[in-house]
Amino acid sequence: MNLSGQGTLYIGTRQANGNPGAFRDVAVVSDFKFNLATSTIEHKETKTGQRLTDNRLQTGKSASLSAVLDDINIDNLALALYGTKASQTGASVTNEAFVNPVAVGDFVRTKYPDISTVVVKDSAGTPATLVLGTHYEITSAKHGTIKFLNLAAYTQPFKVDYAYATHAHTPMFNTAAPERWLKFDGINTADADKKILVEFYRVLLDPLSELALIQDDFGRLPLAGAALYDDTKVADASYLGQFGRFVHIS
């Protein structure tokens, strides 16, 4: 059988009883592969003077896997960043202080992005309002970036009132990596589109190794990890070493 695969990769959280929870389709995957390895100790004979290997002792087995996700959605980012996706409901902010001092030409940022109705004031007893286009400009309302153009005789620190829109965000490294169950619903395009099923029962994914933010190509999320021994699975032909299984479907 020749193999040239395509298909859908699903990721679910492994439950305490060893079964998978609900799966999520990680969308477009341009690469998915796994590797099985053993660790060994070699013994060398001591009679010939050539120290020839005459035996090998297998000391361990391991399984690793990797995938490249082409769809950089918030769920996949949360998976790769060891984060939890969250939604920040839009609201208004009053008297958010900027860094002190600022100079002409400096850029500052608001705590929340996607801002509107911006009012910048100084810290005088009776606060004065800076003039948009004269004293500052909003270089990117979507990013919450403001540039100071003229400080005049205003009293620092400057403070800002604004509204921000609802937005999603993903903190980095704010959660431990849960054990995952990976399920690949595959099609063998080199064998009349016959179906294959590949499962790994207990997977720990590494955090994202790299995400290129400036490049000339499409961005991708590379993921890697290890499939671990699952002692909740019966060691029989159905579970192939208690790591995972490869199923041929006619």
# chains A, B, ... in the order shown; residues from 1 in each chain; ligands from 1
$ residues_around --residues "Phe98 in chain A" --least-positions-apart "6" --cutoff "9 Å" --atoms "only C-alpha atoms" --output "PyMOL selection string"
chain A and resi 108-110+156-160
$ write_last_selection --atoms "N, CA and C atoms" --output "PDB file, in the first residue's frame"
ATOM      1  N   VAL A 108       2.577  56.267  22.963  1.00  0.00           N
ATOM      2  CA  VAL A 108       2.054  55.592  24.144  1.00  0.00           C
ATOM      3  C   VAL A 108       0.915  54.676  23.696  1.00  0.00           C
ATOM      4  N   ARG A 109       0.508  53.782  24.605  1.00  0.00           N
ATOM      5  CA  ARG A 109      -0.575  52.869  24.270  1.00  0.00           C
ATOM      6  C   ARG A 109      -1.620  52.872  25.372  1.00  0.00           C
ATOM      7  N   THR A 110      -2.852  52.650  24.936  1.00  0.00           N
ATOM      8  CA  THR A 110      -3.927  52.468  25.887  1.00  0.00           C
ATOM      9  C   THR A 110      -3.964  51.004  26.313  1.00  0.00           C
ATOM     10  N   GLN A 156       2.185  67.114  33.307  1.00  0.00           N
ATOM     11  CA  GLN A 156       2.154  65.649  33.198  1.00  0.00           C
ATOM     12  C   GLN A 156       1.970  65.018  34.575  1.00  0.00           C
ATOM     13  N   PRO A 157       1.524  63.775  34.678  1.00  0.00           N
ATOM     14  CA  PRO A 157       1.250  62.832  33.576  1.00  0.00           C
ATOM     15  C   PRO A 157      -0.058  63.147  32.853  1.00  0.00           C
ATOM     16  N   PHE A 158      -0.093  62.769  31.586  1.00  0.00           N
ATOM     17  CA  PHE A 158      -1.312  62.899  30.811  1.00  0.00           C
ATOM     18  C   PHE A 158      -2.229  61.725  31.122  1.00  0.00           C
ATOM     19  N   LYS A 159      -3.516  61.995  31.022  1.00  0.00           N
ATOM     20  CA  LYS A 159      -4.519  60.958  31.280  1.00  0.00           C
ATOM     21  C   LYS A 159      -5.490  60.910  30.107  1.00  0.00           C
ATOM     22  N   VAL A 160      -6.095  59.769  29.913  1.00  0.00           N
ATOM     23  CA  VAL A 160      -6.950  59.594  28.746  1.00  0.00           C
ATOM     24  C   VAL A 160      -8.274  58.955  29.147  1.00  0.00           C
TER      25      VAL A 160
END
$ closest_residue --among "A:Gly244, A:Pro178, A:Pro222, A:Gly18" --to "Leu197 in chain A" --atoms "only C-alpha atoms"
A:Gly244
$ closest_residue --among "A:Leu151, A:Ala141, A:Leu65, A:Ile115" --to "Ala128 in chain A" --atoms "only C-alpha atoms"
A:Leu151
$ closest_residue --among "A:Leu132, A:Val29, A:Ala165, A:Ala153" --to "Gln6 in chain A" --atoms "only C-alpha atoms"
A:Val29
$ residues_around --residues "range 31-46 of chain A" --least-positions-apart "6" --cutoff "6 Å" --atoms "only C-alpha atoms" --output "list in words"
Leu52, Thr53, Asp54, Asn55, Arg56, Leu57, Gln58, Thr59, Gly60, Lys61, Ser62, Ala63, Ser64, Leu65, Ser66, Ala67 and Val68 of chain A
$ closest_atom_pairs --of "range 117-216 of chain A" --to "range 229-234 of chain A" --cutoff "12 Å" --atoms "only C-alpha atoms" --output "JSON lines"
{"residue": "A:Glu179", "atom": "CA", "partner": "A:Asp230", "partner_atom": "CA", "distance": 11.0}
{"residue": "A:Arg180", "atom": "CA", "partner": "A:Asp230", "partner_atom": "CA", "distance": 11.7}
{"residue": "A:Trp181", "atom": "CA", "partner": "A:Asp230", "partner_atom": "CA", "distance": 10.9}
{"residue": "A:Phe200", "atom": "CA", "partner": "A:Asp230", "partner_atom": "CA", "distance": 9.5}
{"residue": "A:Tyr201", "atom": "CA", "partner": "A:Asp230", "partner_atom": "CA", "distance": 6.9}
{"residue": "A:Arg202", "atom": "CA", "partner": "A:Asp230", "partner_atom": "CA", "distance": 6.3}
{"residue": "A:Val203", "atom": "CA", "partner": "A:Tyr229", "partner_atom": "CA", "distance": 9.1}
{"residue": "A:Leu204", "atom": "CA", "partner": "A:Tyr229", "partner_atom": "CA", "distance": 11.1}
$ write_last_selection --atoms "N, CA, C and O atoms" --output "tab-separated table (two decimals), in the first residue's frame"
chain	number	residue	atom	x	y	z
A	179	GLU	N	-3.55	17.12	29.16
A	179	GLU	CA	-3.30	15.97	28.29
A	179	GLU	C	-4.39	15.93	27.21
A	179	GLU	O	-5.57	16.11	27.49
A	180	ARG	N	-3.95	15.70	25.99
A	180	ARG	CA	-4.85	15.73	24.84
A	180	ARG	C	-5.03	14.34	24.24
A	180	ARG	O	-4.19	13.45	24.41
A	181	TRP	N	-6.11	14.19	23.52
A	181	TRP	CA	-6.37	13.01	22.69
A	181	TRP	C	-6.42	13.51	21.26
A	181	TRP	O	-7.18	14.42	20.94
A	200	PHE	N	-4.04	8.96	18.99
A	200	PHE	CA	-3.10	8.95	20.10
A	200	PHE	C	-3.89	9.31	21.35
A	200	PHE	O	-4.57	10.33	21.39
A	201	TYR	N	-3.76	8.46	22.38
A	201	TYR	CA	-4.67	8.54	23.51
A	201	TYR	C	-4.25	9.52	24.60
A	201	TYR	O	-5.09	9.98	25.38
A	202	ARG	N	-2.98	9.80	24.67
A	202	ARG	CA	-2.48	10.63	25.78
A	202	ARG	C	-1.30	11.46	25.28
A	202	ARG	O	-0.17	10.97	25.22
A	203	VAL	N	-1.56	12.68	24.90
A	203	VAL	CA	-0.56	13.52	24.24
A	203	VAL	C	-0.32	14.78	25.07
A	203	VAL	O	-1.25	15.43	25.54
A	204	LEU	N	0.95	15.12	25.24
A	204	LEU	CA	1.35	16.40	25.81
A	204	LEU	C	2.02	17.22	24.71
A	204	LEU	O	3.05	16.81	24.16
$ atom_distance --atom1 "CA of Ala190 in chain A" --atom2 "CA of Ile249 in chain A"
14.2 Å
$ closest_residue --among "A:Asn188, A:Ala103, A:Thr175, A:Lys85" --to "Phe148 in chain A" --atoms "only C-alpha atoms"
A:Ala103
$ select_by_dssp --residues "range 48-160 of chain A" --states "helix (DSSP H, G or I)" --output "ChimeraX atom specification"
/A:74-80
$ select_by_dssp --residues "range 27-235 of chain A" --states "strand (DSSP E)" --output "PyMOL selection string"
chain A and resi 29-44+53-69+86-88+91-97+107-109+115-121+136-140+145-148+159-164+167-169+180-188+194-205+221-227
$ residues_around --residues "Asn95 in chain A" --least-positions-apart "4" --cutoff "10 Å" --atoms "only C-alpha atoms" --output "PyMOL selection string"
chain A and resi 119-123+158-162
$ closest_residue --among "A:Pro113, A:Ser250, A:His135, A:Val93" --to "Lys194 in chain A" --atoms "only C-alpha atoms"
A:Ser250
$ closest_residue --among "A:Gln15, A:Thr8, A:Ser30, A:Ser87" --to "Phe218 in chain A" --atoms "only C-alpha atoms"
A:Ser30
$ residues_around --residues "Asn150 in chain A" --least-positions-apart "3" --cutoff "12 Å" --atoms "only C-alpha atoms" --output "list in words"
Val102, Ala103, Val104, Gly105, Asp106, Leu130, Val131, Leu132, Gly133, Thr134, His135, Tyr136, Glu137, Lys147, Ala153 and Tyr154 of chain A
$ write_last_selection --atoms "N, CA and C atoms" --output "PDB file, in the first residue's frame"
ATOM      1  N   VAL A 102       6.486  62.041  29.139  1.00  0.00           N
ATOM      2  CA  VAL A 102       6.581  61.744  27.720  1.00  0.00           C
ATOM      3  C   VAL A 102       7.178  62.957  27.021  1.00  0.00           C
ATOM      4  N   ALA A 103       7.789  62.719  25.881  1.00  0.00           N
ATOM      5  CA  ALA A 103       8.398  63.798  25.103  1.00  0.00           C
ATOM      6  C   ALA A 103       7.726  63.860  23.739  1.00  0.00           C
ATOM      7  N   VAL A 104       7.947  64.965  23.060  1.00  0.00           N
ATOM      8  CA  VAL A 104       7.424  65.105  21.706  1.00  0.00           C
ATOM      9  C   VAL A 104       7.977  63.977  20.836  1.00  0.00           C
ATOM     10  N   GLY A 105       7.117  63.337  20.115  1.00  0.00           N
ATOM     11  CA  GLY A 105       7.526  62.222  19.260  1.00  0.00           C
ATOM     12  C   GLY A 105       7.361  60.858  19.903  1.00  0.00           C
ATOM     13  N   ASP A 106       7.080  60.833  21.219  1.00  0.00           N
ATOM     14  CA  ASP A 106       6.873  59.562  21.903  1.00  0.00           C
ATOM     15  C   ASP A 106       5.517  58.956  21.536  1.00  0.00           C
ATOM     16  N   LEU A 130      -6.089  68.353  25.850  1.00  0.00           N
ATOM     17  CA  LEU A 130      -5.199  68.483  24.690  1.00  0.00           C
ATOM     18  C   LEU A 130      -6.024  68.415  23.407  1.00  0.00           C
ATOM     19  N   VAL A 131      -5.497  69.010  22.352  1.00  0.00           N
ATOM     20  CA  VAL A 131      -6.225  69.094  21.085  1.00  0.00           C
ATOM     21  C   VAL A 131      -5.710  68.036  20.123  1.00  0.00           C
ATOM     22  N   LEU A 132      -6.634  67.214  19.654  1.00  0.00           N
ATOM     23  CA  LEU A 132      -6.288  66.187  18.668  1.00  0.00           C
ATOM     24  C   LEU A 132      -5.788  66.852  17.390  1.00  0.00           C
ATOM     25  N   GLY A 133      -4.676  66.385  16.863  1.00  0.00           N
ATOM     26  CA  GLY A 133      -4.111  66.946  15.643  1.00  0.00           C
ATOM     27  C   GLY A 133      -3.113  68.052  15.905  1.00  0.00           C
ATOM     28  N   THR A 134      -3.173  68.657  17.096  1.00  0.00           N
ATOM     29  CA  THR A 134      -2.216  69.706  17.483  1.00  0.00           C
ATOM     30  C   THR A 134      -1.236  69.185  18.515  1.00  0.00           C
ATOM     31  N   HIS A 135      -1.764  68.581  19.566  1.00  0.00           N
ATOM     32  CA  HIS A 135      -0.913  68.094  20.653  1.00  0.00           C
ATOM     33  C   HIS A 135      -0.656  66.588  20.574  1.00  0.00           C
ATOM     34  N   TYR A 136      -1.529  65.873  19.938  1.00  0.00           N
ATOM     35  CA  TYR A 136      -1.349  64.421  19.802  1.00  0.00           C
ATOM     36  C   TYR A 136      -2.116  63.936  18.584  1.00  0.00           C
ATOM     37  N   GLU A 137      -1.759  62.770  18.134  1.00  0.00           N
ATOM     38  CA  GLU A 137      -2.516  62.109  17.075  1.00  0.00           C
ATOM     39  C   GLU A 137      -2.707  60.647  17.438  1.00  0.00           C
ATOM     40  N   LYS A 147       0.438  59.212  19.512  1.00  0.00           N
ATOM     41  CA  LYS A 147       1.726  59.907  19.405  1.00  0.00           C
ATOM     42  C   LYS A 147       1.560  61.350  19.872  1.00  0.00           C
ATOM     43  N   ALA A 153       2.562  73.727  27.576  1.00  0.00           N
ATOM     44  CA  ALA A 153       2.904  73.909  28.995  1.00  0.00           C
ATOM     45  C   ALA A 153       2.023  73.034  29.872  1.00  0.00           C
ATOM     46  N   TYR A 154       1.583  71.933  29.334  1.00  0.00           N
ATOM     47  CA  TYR A 154       0.689  71.054  30.077  1.00  0.00           C
ATOM     48  C   TYR A 154       1.423  70.351  31.225  1.00  0.00           C
TER      49      TYR A 154
END
$ atom_distance --atom1 "CA of Gly12 in chain A" --atom2 "CA of Lys183 in chain A"
8.2 Å
$ residues_around --residues "Leu223 in chain A" --least-positions-apart "4" --cutoff "8 Å" --atoms "only C-alpha atoms" --output "MDAnalysis selection string"
chainID A and resid 66:69 80 205:209
$ atom_distance --atom1 "CA of Lys111 in chain A" --atom2 "CA of Thr129 in chain A"
19.9 Å
